[in-house]
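What follows is the content of final_30.txt, which has compact mmCIF, C-alpha atoms:
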# COMPACT_ATOMS: atom_id res chain seq x y z
CA MET A 61 0.69 -11.94 -6.53
CA PHE A 62 -0.40 -10.26 -3.29
CA TYR A 63 -3.39 -11.22 -1.20
CA ARG A 64 -6.16 -8.86 -2.22
CA GLY A 65 -7.28 -7.52 1.15
CA SER A 66 -6.18 -5.51 4.14
CA PHE A 67 -3.53 -6.83 6.48
CA ALA A 68 -4.21 -6.85 10.20
CA ASP A 69 -1.50 -4.37 11.07
CA GLY A 70 -2.66 -1.66 8.72
CA GLY A 71 -1.55 -2.35 5.17
CA ASP A 72 -1.51 -4.79 2.32
CA GLY A 73 1.16 -6.08 0.00
CA ARG A 74 0.06 -3.83 -2.83
CA GLU A 75 0.35 -0.73 -0.62
CA MET A 76 3.78 -1.62 0.65
CA GLY A 77 5.72 0.14 -2.09
CA ALA A 78 3.89 3.43 -1.59
CA LYS A 79 4.33 3.30 2.17
CA ARG A 80 8.03 2.52 1.96
CA GLN A 81 8.39 5.15 -0.72
CA ARG A 82 7.02 7.83 1.58
CA ILE A 83 9.77 6.90 4.02
CA VAL A 84 12.63 6.94 1.53
CA ASP A 85 11.21 9.92 -0.39
CA GLN A 86 12.21 8.61 -3.78
CA GLY A 87 10.49 8.67 -7.14
CA SER A 88 8.67 5.51 -8.16
CA SER A 89 7.99 2.45 -6.03
CA TYR A 90 10.50 -0.37 -5.96
CA TYR A 91 7.81 -2.87 -5.12
CA GLY A 92 5.77 -4.77 -7.58
CA THR A 93 4.18 -8.12 -7.89
CA SER A 94 6.19 -10.98 -6.46
CA PRO A 95 8.58 -12.34 -9.08
CA GLY A 96 7.97 -16.04 -8.58
CA ALA A 97 5.11 -18.43 -9.07
CA GLY A 98 5.45 -20.37 -5.80
CA PHE A 99 1.82 -21.52 -6.15
CA MET A 100 2.11 -24.26 -3.56
CA TYR A 101 2.71 -21.65 -0.87
CA ASN A 102 0.05 -19.15 -1.87
CA ALA A 103 -2.60 -18.24 0.65
CA SER A 104 -6.21 -18.79 -0.25
CA PRO A 105 -8.30 -15.61 -0.13
CA TYR A 106 -10.64 -17.60 2.12
CA ALA A 107 -7.96 -18.44 4.70
CA TYR A 108 -8.74 -15.37 6.83
CA VAL A 109 -12.54 -15.28 6.83
CA GLY A 110 -13.81 -12.53 9.12
CA GLN A 111 -10.36 -11.13 9.94
CA PRO A 112 -7.58 -9.49 7.96
CA PRO A 113 -4.37 -11.53 7.53
CA PRO A 114 -1.08 -10.43 9.11
CA PHE A 115 1.62 -8.51 7.25
CA PRO A 116 3.88 -11.24 5.70
CA VAL A 117 7.35 -10.52 7.13
CA VAL A 118 9.90 -12.54 9.10
CA ARG A 119 13.01 -11.48 11.00
CA LEU A 120 16.26 -13.39 10.52
CA ARG A 121 19.12 -13.65 13.01
CA GLY A 122 22.55 -15.24 12.62
CA LEU A 123 23.09 -14.40 8.95
CA PRO A 124 26.68 -14.77 7.67
CA PHE A 125 28.44 -11.41 7.64
CA ASP A 126 29.20 -11.74 3.94
CA CYS A 127 25.55 -12.56 3.24
CA MET A 128 23.91 -11.09 0.13
CA GLU A 129 20.27 -10.85 -0.95
CA THR A 130 20.74 -13.74 -3.36
CA ASP A 131 21.79 -15.96 -0.40
CA VAL A 132 18.57 -15.15 1.45
CA ALA A 133 16.51 -15.74 -1.69
CA GLU A 134 18.15 -19.13 -2.13
CA PHE A 135 17.61 -19.95 1.56
CA PHE A 136 13.88 -19.33 1.07
CA HIS A 137 13.83 -21.19 -2.24
CA GLY A 138 10.26 -21.69 -3.45
CA LEU A 139 8.78 -18.72 -1.59
CA ASP A 140 7.88 -15.39 -3.18
CA ILE A 141 10.36 -12.77 -1.98
CA VAL A 142 9.08 -9.19 -2.08
CA ASP A 143 11.85 -7.42 -0.18
CA ILE A 144 14.98 -8.13 1.85
CA ILE A 145 16.67 -5.63 4.14
CA PHE A 146 19.79 -6.09 6.27
CA VAL A 147 20.20 -4.40 9.67
CA HIS A 148 23.29 -2.34 10.49
CA LYS A 149 24.45 -0.73 13.72
CA ASN A 150 27.33 1.75 14.03
CA GLY A 151 28.35 1.00 10.46
CA LYS A 152 28.47 -2.78 10.86
CA PHE A 153 26.15 -5.53 9.73
CA THR A 154 24.49 -7.08 12.78
CA GLY A 155 23.73 -10.45 11.21
CA GLU A 156 20.01 -9.66 11.30
CA GLY A 157 17.58 -8.90 8.51
CA PHE A 158 13.96 -8.84 7.43
CA CYS A 159 12.31 -10.68 4.56
CA VAL A 160 8.89 -9.67 3.23
CA LEU A 161 6.99 -12.50 1.54
CA GLY A 162 4.26 -12.49 -1.06
CA TYR A 163 1.52 -14.06 1.07
CA PRO A 164 0.78 -14.38 4.82
CA LEU A 165 0.68 -18.18 4.59
CA GLN A 166 4.27 -18.18 3.36
CA VAL A 167 5.41 -16.97 6.79
CA ASP A 168 4.55 -20.42 8.18
CA PHE A 169 6.66 -22.10 5.50
CA ALA A 170 9.52 -19.68 6.19
CA LEU A 171 9.40 -20.52 9.91
CA GLN A 172 9.85 -24.20 9.05
CA ARG A 173 13.39 -23.29 7.97
CA ASN A 174 14.28 -22.02 11.43
CA ARG A 175 17.84 -23.05 12.44
CA GLN A 176 18.67 -24.42 9.00
CA ASN A 177 22.13 -23.62 7.71
CA MET A 178 23.17 -20.81 5.41
CA GLY A 179 26.75 -21.67 4.65
CA ARG A 180 28.28 -22.76 7.96
CA ARG A 181 25.88 -20.78 10.14
CA TYR A 182 22.39 -21.72 11.24
CA VAL A 183 19.83 -18.97 10.85
CA GLU A 184 17.06 -18.27 13.35
CA ILE A 185 13.73 -17.10 11.97
CA PHE A 186 11.04 -15.22 13.91
CA ARG A 187 7.62 -13.83 13.14
CA SER A 188 7.77 -10.07 12.72
CA ASN A 189 5.34 -7.29 11.86
CA ARG A 190 4.95 -4.21 9.73
CA GLN A 191 6.15 -1.85 12.51
CA GLU A 192 9.46 -3.68 13.02
CA TYR A 193 10.07 -3.87 9.29
CA TYR A 194 9.43 -0.18 8.65
CA LYS A 195 11.54 0.81 11.64
CA ALA A 196 14.43 -1.12 10.05
CA VAL A 197 13.79 0.57 6.68
CA ALA A 198 13.68 4.01 8.30
CA ASN A 199 16.95 3.38 10.15
CA GLU A 200 18.69 2.32 6.95
CA VAL A 201 17.45 5.39 5.09
CA PHE A 202 18.36 7.72 7.95
CA ASP A 203 21.90 6.35 7.99
CA ALA A 204 22.21 6.44 4.19
CA ARG A 205 21.28 10.15 4.17
CA GLY A 206 23.98 11.00 6.66
CA GLY A 207 21.77 11.17 9.73
CA SER A 208 24.33 9.10 11.59
CA PRO A 209 27.99 8.16 11.00
CA ARG A 210 26.83 4.65 10.15
CA ARG A 211 27.33 4.64 6.49
CA THR A 212 28.75 5.77 3.42
CA ALA A 213 28.51 2.22 2.21
CA PRO A 214 31.38 0.03 3.39
CA ARG A 215 34.22 0.29 0.92
CA SER A 216 37.06 -2.06 0.11
CA LYS A 217 40.23 -0.15 -0.75
CA LEU A 218 41.41 -2.96 -3.02
CA ASN A 219 38.04 -3.13 -4.74
CA ASP A 220 38.08 0.62 -5.36
CA GLU A 221 41.57 0.48 -6.83
CA VAL A 222 40.50 -2.31 -9.18
CA LYS A 223 37.54 -0.20 -10.33
CA ASP A 224 39.71 2.87 -10.82
CA PHE A 225 42.06 1.05 -13.19
CA ALA A 226 39.55 -1.22 -14.92
CA GLU A 227 39.10 -0.83 -18.66
CA HIS A 228 35.82 0.81 -19.67
CA THR A 229 33.93 -0.62 -22.62
CA GLY A 230 30.78 1.46 -22.21
CA ILE A 231 28.98 -1.20 -20.14
CA LEU A 232 28.44 -1.11 -16.38
CA ARG A 233 27.21 -3.89 -14.12
CA LEU A 234 24.94 -2.91 -11.21
CA ARG A 235 24.72 -5.02 -8.06
CA GLY A 236 22.39 -4.74 -5.07
CA LEU A 237 19.18 -3.74 -6.84
CA PRO A 238 15.84 -4.27 -5.08
CA TYR A 239 14.22 -7.34 -6.60
CA SER A 240 11.26 -5.29 -7.77
CA ALA A 241 13.35 -2.53 -9.39
CA GLY A 242 12.40 -1.83 -12.99
CA LYS A 243 14.10 -0.18 -15.94
CA ASP A 244 12.44 3.14 -15.09
CA ASP A 245 14.11 3.05 -11.66
CA ILE A 246 17.51 2.57 -13.28
CA LEU A 247 16.84 5.39 -15.75
CA ASP A 248 16.05 7.62 -12.78
CA PHE A 249 19.22 6.44 -10.97
CA PHE A 250 21.30 7.53 -13.99
CA LYS A 251 19.37 10.75 -14.52
CA GLY A 252 21.48 13.13 -16.57
CA PHE A 253 22.78 10.41 -18.91
CA ILE A 254 21.19 9.75 -22.28
CA LEU A 255 19.77 6.23 -21.93
CA SER A 256 16.73 4.28 -23.07
CA GLU A 257 15.10 1.13 -21.72
CA ASP A 258 16.59 -0.81 -24.65
CA VAL A 259 20.12 -0.51 -23.22
CA ILE A 260 19.13 -1.68 -19.72
CA HIS A 261 19.28 -5.42 -19.05
CA LEU A 262 17.81 -6.75 -15.79
CA THR A 263 19.27 -10.22 -15.30
CA LEU A 264 17.52 -13.30 -13.95
CA ASN A 265 18.77 -16.27 -11.99
CA SER A 266 18.47 -19.87 -13.17
CA GLU A 267 14.88 -20.00 -11.87
CA GLY A 268 13.84 -16.98 -13.90
CA ARG A 269 13.67 -14.65 -10.90
CA PRO A 270 15.38 -11.24 -10.60
CA SER A 271 19.01 -11.63 -9.57
CA GLY A 272 19.45 -8.15 -8.07
CA GLU A 273 21.88 -7.27 -10.86
CA ALA A 274 21.60 -5.40 -14.14
CA PHE A 275 23.77 -4.20 -17.02
CA VAL A 276 23.60 -0.80 -18.67
CA GLU A 277 25.07 0.01 -22.09
CA PHE A 278 26.15 3.64 -22.30
CA ALA A 279 26.76 5.54 -25.52
CA ASN A 280 30.54 5.37 -25.10
CA GLU A 281 33.37 4.63 -22.70
CA GLN A 282 33.51 8.21 -21.47
CA ASP A 283 29.87 8.11 -20.36
CA SER A 284 30.27 4.81 -18.51
CA LYS A 285 33.35 6.14 -16.75
CA ALA A 286 31.49 9.31 -15.75
CA ALA A 287 28.56 7.20 -14.51
CA MET A 288 30.89 5.52 -12.01
CA SER A 289 30.38 8.65 -9.90
CA LYS A 290 27.07 6.98 -8.95
CA ASP A 291 28.90 4.02 -7.39
CA ARG A 292 27.44 3.23 -3.93
CA MET A 293 24.71 5.82 -4.20
CA THR A 294 21.29 4.72 -3.00
CA LEU A 295 18.28 3.49 -4.91
CA GLY A 296 15.49 3.41 -2.35
CA SER A 297 17.22 2.38 0.87
CA ARG A 298 19.89 0.30 -0.87
CA TYR A 299 23.28 1.35 -2.07
CA ILE A 300 24.11 0.19 -5.58
CA GLU A 301 27.58 -1.02 -6.50
CA LEU A 302 28.82 -0.33 -10.03
CA PHE A 303 31.47 -2.27 -11.89
CA PRO A 304 33.00 -1.76 -15.35
CA SER A 305 31.88 -4.71 -17.46
CA SER A 306 32.07 -6.06 -20.99
CA GLN A 307 29.87 -7.40 -23.76
CA GLU A 308 31.03 -10.92 -22.96
CA GLU A 309 29.98 -10.65 -19.31
CA LEU A 310 26.63 -9.17 -20.35
CA ASP A 311 25.96 -11.97 -22.85
CA GLU A 312 26.92 -14.61 -20.29
CA ALA A 313 24.62 -13.15 -17.62
CA ILE A 314 21.66 -13.00 -20.03
CA ALA A 315 22.30 -16.62 -21.11
CA ARG A 316 22.31 -17.82 -17.48
CA GLY A 317 18.82 -16.45 -16.96
CA ARG A 318 17.28 -18.10 -20.01
Show me this structure written as structure tokens.
Amino acid sequence: MFYRGSFADGGDGREMGAKRQRIVDQGSSYYGTSPGAGFMYNASPYAYVGQPPPFPVVRLRGLPFDCMETDVAEFFHGLDIVDIIFVHKNGKFTGEGFCVLGYPLQVDFALQRNRQNMGRRYVEIFRSNRQEYYKAVANEVFDARGGSPRRTAPRSKLNDEVKDFAEHTGILRLRGLPYSAGKDDILDFFKGFILSEDVIHLTLNSEGRPSGEAFVEFANEQDSKAAMSKDRMTLGSRYIELFPSSQEELDEAIARGR
């Protein structure tokens, strides 16, 4: 899905995973081809004759403080979302974020949504560049590794108590996955548990795009309960929330994405 050429600020969409991966120092890349078709927004390979196109990223300001990746994806409905990252400062969400798109031309379409509403707030959208985006990624990773007091991911005491007393059926729901995360990434996240790709279910939204959630079927209730020790650990630069789930919830999520 990426433009097959070099971007003006030193990279291309296909290289992005490897570059980000060197920053976060994880195993495999969490980037891949853009999940959507979005053909009406795709840049022609002839649009930048004689010069490399810019890195396709925008900066957002004024996001709701309870905003999630799915809200940003819906806000940019029709565009190919490659990555979304939220900006924190001193442990708090600043209301800013970055969104990497599949093609340089899609930046122009994203800018057309400047000051449109997300919920009750209007969101400002600005052109950005590779350097600003990677600085934001590096800051998130630095904080996640304990380089600053910014984060052990924000925790809700009530939410934690609910998780502690929830019934385990052997199935866990994962929330907050990078959109390009694959089953191999989840296997690596649960390293030490006996799992196969057959028991990992990456769910899709109603448009057939990754939802940022997944379900994992463990061998038994004891294993799923032990796997909760991974709750809010990071995959790439994102912390992953885990929730005890059920076969009914799994079936319902899979049906929604069909």
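Atom pair CA of Tyr299 in chain A / CA of Cys127 in chain A: separated by 15.1 Å.
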Check which residues of range 105-142 of chain A sit at most 9 Å from range 163-173 of chain A using all atoms listed in the file, and return one row each with the closest pair of atoms and their distance in Å to one decimal, ordered by chain and rising number, as a tab-separated table.
residue	atom	partner	partner_atom	distance
A:Ala107	CA	A:Leu165	CA	8.6
A:Pro113	CA	A:Pro164	CA	6.5
A:Pro114	CA	A:Pro164	CA	6.1
A:Phe115	CA	A:Pro164	CA	6.4
A:Pro116	CA	A:Pro164	CA	4.5
A:Val117	CA	A:Val167	CA	6.7
A:Val118	CA	A:Val167	CA	6.7
A:Phe135	CA	A:Arg173	CA	8.4
A:Phe136	CA	A:Ala170	CA	6.7
A:Leu139	CA	A:Gln166	CA	6.7
A:Asp140	CA	A:Tyr163	CA	7.8
- Query: Residues at most 12 Å from Leu234 in chain A, counting only C-alpha atoms, excluding those fewer than 3 positions away in the same chain, as a PyMOL selection string?
  - Reply: chain A and resi 231+237-238+241+246+249-250+260-263+271-277+284+287-288+290-295+298-305+310
- In Å, rounded to a single decimal, give me how far CA of Gly157 in chain A is from CA of Asn189 in chain A. 12.8 Å
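For the choices A:Met128, A:Ala315, A:Leu232, A:Val147, the atom-to-atom distance to Glu192 in chain A is smallest for A:Val147 when using all atoms listed in the file.
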